2 protein chains.
Amino acid sequence: MTKLISRSDVIRIATMDKTVPIVESAFAHMAKGDVLMPPKIYLDLPDFSGDFRAMPAYYKPKKKAGIKWVNSHTNNPKIGKPAVSAILILNDPETADTLAIIDAGALTGIRTGAAGGVASKYCARAESKTALYVGCGMQAYYQILAQQIAMPMEKIVLYDLNSESATKMAHQLATEINAEVSVIDNLETGCKSADIITTTTPGRAHILKSEWVMPGTHINAIGADAEGKQELPSALTKKCRIIVDEWEQASHSGEINVPIHEKIIEKSDIAGTIGQCVIGDIQGRNNDDEITLFDSTGLAIQDLALAAYIYEQCESASQFNFNG
Amino acid sequence: MTKLISRSDVIRIATMDKTVPIVESAFAHMAKGDVLMPPKIYLDLPDFSGDFRAMPAYYKPKKKAGIKWVNSHTNNPKIGKPAVSAILILNDPETADTLAIIDAGALTGIRTGAAGGVASKYCARAESKTALYVGCGMQAYYQILAQQIAMPMEKIVLYDLNSESATKMAHQLATEINAEVSVIDNLETGCKSADIITTTTPGRAHILKSEWVMPGTHINAIGADAEGKQELPSALTKKCRIIVDEWEQASHSGEINVPIHEKIIEKSDIAGTIGQCVIGDIQGRNNDDEITLFDSTGLAIQDLALAAYIYEQCESASQFNFNG
């Protein structure tokens with residue numbers, strides 16, 4: 001029998017306090033070589049302004065294999081559908097049994113948020129108090145929840161080109177987190193007073209200027225997830241200490257893909273992976289003056305580690321016998 | 001809502017008379033460029049003598065996208081589980097909606113059988129009367145059903161190193177097909193009297209000798225499905241007119257992968273694809289003396305075309321709301 005796990009089950013089980021340590025541990029196991037993760041493949045559908053991505057992995061610590069099949073369809077919100085949705089198939093790697101099929105839309109958002117939180121914990125200055133969020137969509141929400149689990153801030157500052165989105169987010173957060181939440185419309189001032197800046201924009205324009213970012217800032221660059229996308233000016237990226245989640249994916253489709261392609265930075269400019277930070281192979285930051293940058297692309301192993309936990313916890317799920 | 005389609009629904013709907021023309025049409029559409037099919041990716045699990053393969057595709061004629069996640073675990077039969085099983089996710093390429101999740105174990109067997117039937121139709125001599133099956137497992141069964149739909153034979157001859165398997169298959173076929181079915185234990189004589197030879201062995205040994213294959217024979221080589229696997233001696237492959245399902249997959253993991261790797265044959269020795277035969281771009285065979293060889297690796301597009309049909313026909317399926 002295969003468990004069928006819906007979006008609401010995922011949201012109920014994968015709370016951020018559970019998810020942050022799971023994702024942190026997945027990064028560590030990757031750095032130790034306890035995972036297999038072939039490069040993801042893209043099925044581009046230019047006729048529909050969309051694509052699908054196949055993300056297979058094997059997560060040895062939980063003895064699980066599986067694949068996430070996730071799409072990005074930019075026109076979907078216009079017809080009331082999510083831009084990103086996903087299905088994850090979870091298998092026993094020994095017998096290949098299909099243990100569960102899981103709605104992985106919210107899961108993708110939650111594990112991406114958790115990655116930002118983990119990166120802040122290892123890269124931001126210990127005395128960081130103020131986190132600025134550039135872009136106030138759903139992903140910013142998950143980033144904030146994760147930040148407050150991994151390294152709680154006193155002040156959460158929200159900026160969005162559409163100020164209504166920021167205001168709406170502020171109202172939602174008011175009852176959910178224990179921090180002072182404010183909305184700003186001057187991004188320059190916001191950047192200059194932030195210890196941590198997290199960008200979750202569509203990655204098609206640089207709304208943030210290099211000179212606005214002060215020494216000692218940590219940046220989580222979350223939005224770029226395909227070739228040609230970039231949230232930060234290359235000049236800013238070049239002066240940062242860069243930590244990636246995974247080099248191949250980051251250079252292909254993460255924040256660094258454009259400056260790499262333009263030869264403004266190269267592989268030797270990358271300090272290492274977040275997994276290396278977690279296991280202590282490298283330091284997230286070397287001093288209080290560096291600007292650190294975490295380039296998050298989202299790894300199959302984050303999905304699989306979280307899916308394994310959800311599978312274990314979800315006792316009430318529906319079941320289906322595909323072999324019947 | 002997502003349809004959940006079980007193995008028994010697949011077997012009920014994907015009868016061979018429906019499947020052969022669907023697979024034939026999929027090959028044709030591929031040759032015309034009406035499909036997208038990125039190379040499949042392997043997740044190798046040497047710890048468990050197994051692997052998973054991710055096979056994404058877009059099938060324009062039916063406006064469907066999707067992915068098959070299929071495993072091959074050679075030790076599974078020892079514990080009473082199938083060596084190969086699969087789950088297929090079927091999507092609307094425009095909205096990315098998950099239309100169906102389909103058990104694709106039997107589907108894989110059926111569409112592979114259909115490919116052999118289509119290849120015989122285009123490559124075997126028109127007056128062919130006798131088909132020999134080397135290896136009498138489940139896949140031989142599907143090959144025979146497809147052969148009798150695509151190009152019916154008068155005589156079906158069965159050979160297996162384990163003669164019990166051949167005898168059992170003969171009994172099963174007796175009531176299902178309209179042909180004389182016999183079991184042989186002398187493979188040399190069997191090859192010499194066959195118009196069509198279909199091999200469905202595990203592809204780890206050449207049990208068939210080059211000099212046993214007479215001019216004019218058509219061979220369907222089905223068993224090789226991973227690097228290093230090969231059913232026929234390279235000397236035999238070298239003297240054949242070779243038709244592949246798809247060059248990249250065939251050279252990587254099909255029957256030709258070993259002789260290509262050993263530089264006994266090269267890309268220019270390949271006559272073309274079965275899709276080119278179907279649309280009349282090339283001929284399956286040029287004369288009655290050639291030995292023709294179809295190298296079947298199994299394409300995502302065969303799966304997707306058949307899944308689209310099953311989805312359309314399966315009105316009684318269970319449904320599940322993953323977004324719920």
# chains A, B, ... in the order shown; residues from 1 in each chain; ligands from 1
>>> closest_atom_pairs(of="chain A", to="chain B", cutoff="6 Å", atoms="only C-alpha atoms", output="JSON lines")
{"residue": "A:Ser6", "atom": "CA", "partner": "B:Phe322", "partner_atom": "CA", "distance": 4.4}
{"residue": "A:Arg7", "atom": "CA", "partner": "B:Asn323", "partner_atom": "CA", "distance": 5.1}
{"residue": "A:Ser8", "atom": "CA", "partner": "B:Gly324", "partner_atom": "CA", "distance": 6.0}
{"residue": "A:Phe48", "atom": "CA", "partner": "B:Glu94", "partner_atom": "CA", "distance": 5.3}
{"residue": "A:Glu94", "atom": "CA", "partner": "B:Phe48", "partner_atom": "CA", "distance": 5.3}
{"residue": "A:Asp103", "atom": "CA", "partner": "B:Phe322", "partner_atom": "CA", "distance": 5.4}
{"residue": "A:Phe322", "atom": "CA", "partner": "B:Ser6", "partner_atom": "CA", "distance": 4.3}
{"residue": "A:Asn323", "atom": "CA", "partner": "B:Arg7", "partner_atom": "CA", "distance": 5.1}
{"residue": "A:Gly324", "atom": "CA", "partner": "B:Ser6", "partner_atom": "CA", "distance": 5.8}
>>> residues_around(residues="Gly284 of chain A", least_positions_apart="3", cutoff="10 Å", atoms="only C-alpha atoms", output="ChimeraX atom specification")
/A:119-125,218,241-243,271-274,276-278,280-281,287,292-294
>>> atom_distance(atom1="atom CA of Asp17 of chain B", atom2="atom CA of Thr167 of chain B")
25.1 Å
>>> residues_around(residues="Ser234 of chain A", least_positions_apart="5", cutoff="8 Å", atoms="only C-alpha atoms", output="list in words")
Val258, Pro259 and Ile264 of chain A
>>> write_last_selection(atoms="N, CA and C atoms", output="compact mmCIF listing (two decimals), in the first residue's frame")
# COMPACT_ATOMS: atom_id res chain seq x y z
N VAL A 258 24.55 33.93 -13.49
CA VAL A 258 24.82 35.02 -14.45
C VAL A 258 26.27 35.51 -14.32
N PRO A 259 26.74 35.90 -13.10
CA PRO A 259 28.15 36.31 -13.01
C PRO A 259 29.16 35.22 -13.40
N ILE A 264 32.52 37.03 -14.45
CA ILE A 264 32.81 38.02 -13.40
C ILE A 264 33.30 37.30 -12.15
>>> select_by_dssp(residues="segment 14-216 of chain B", states="alpha helix (DSSP H)", output="PyMOL selection string")
chain B and resi 16-31+105-123+138-150+163-174+187-192
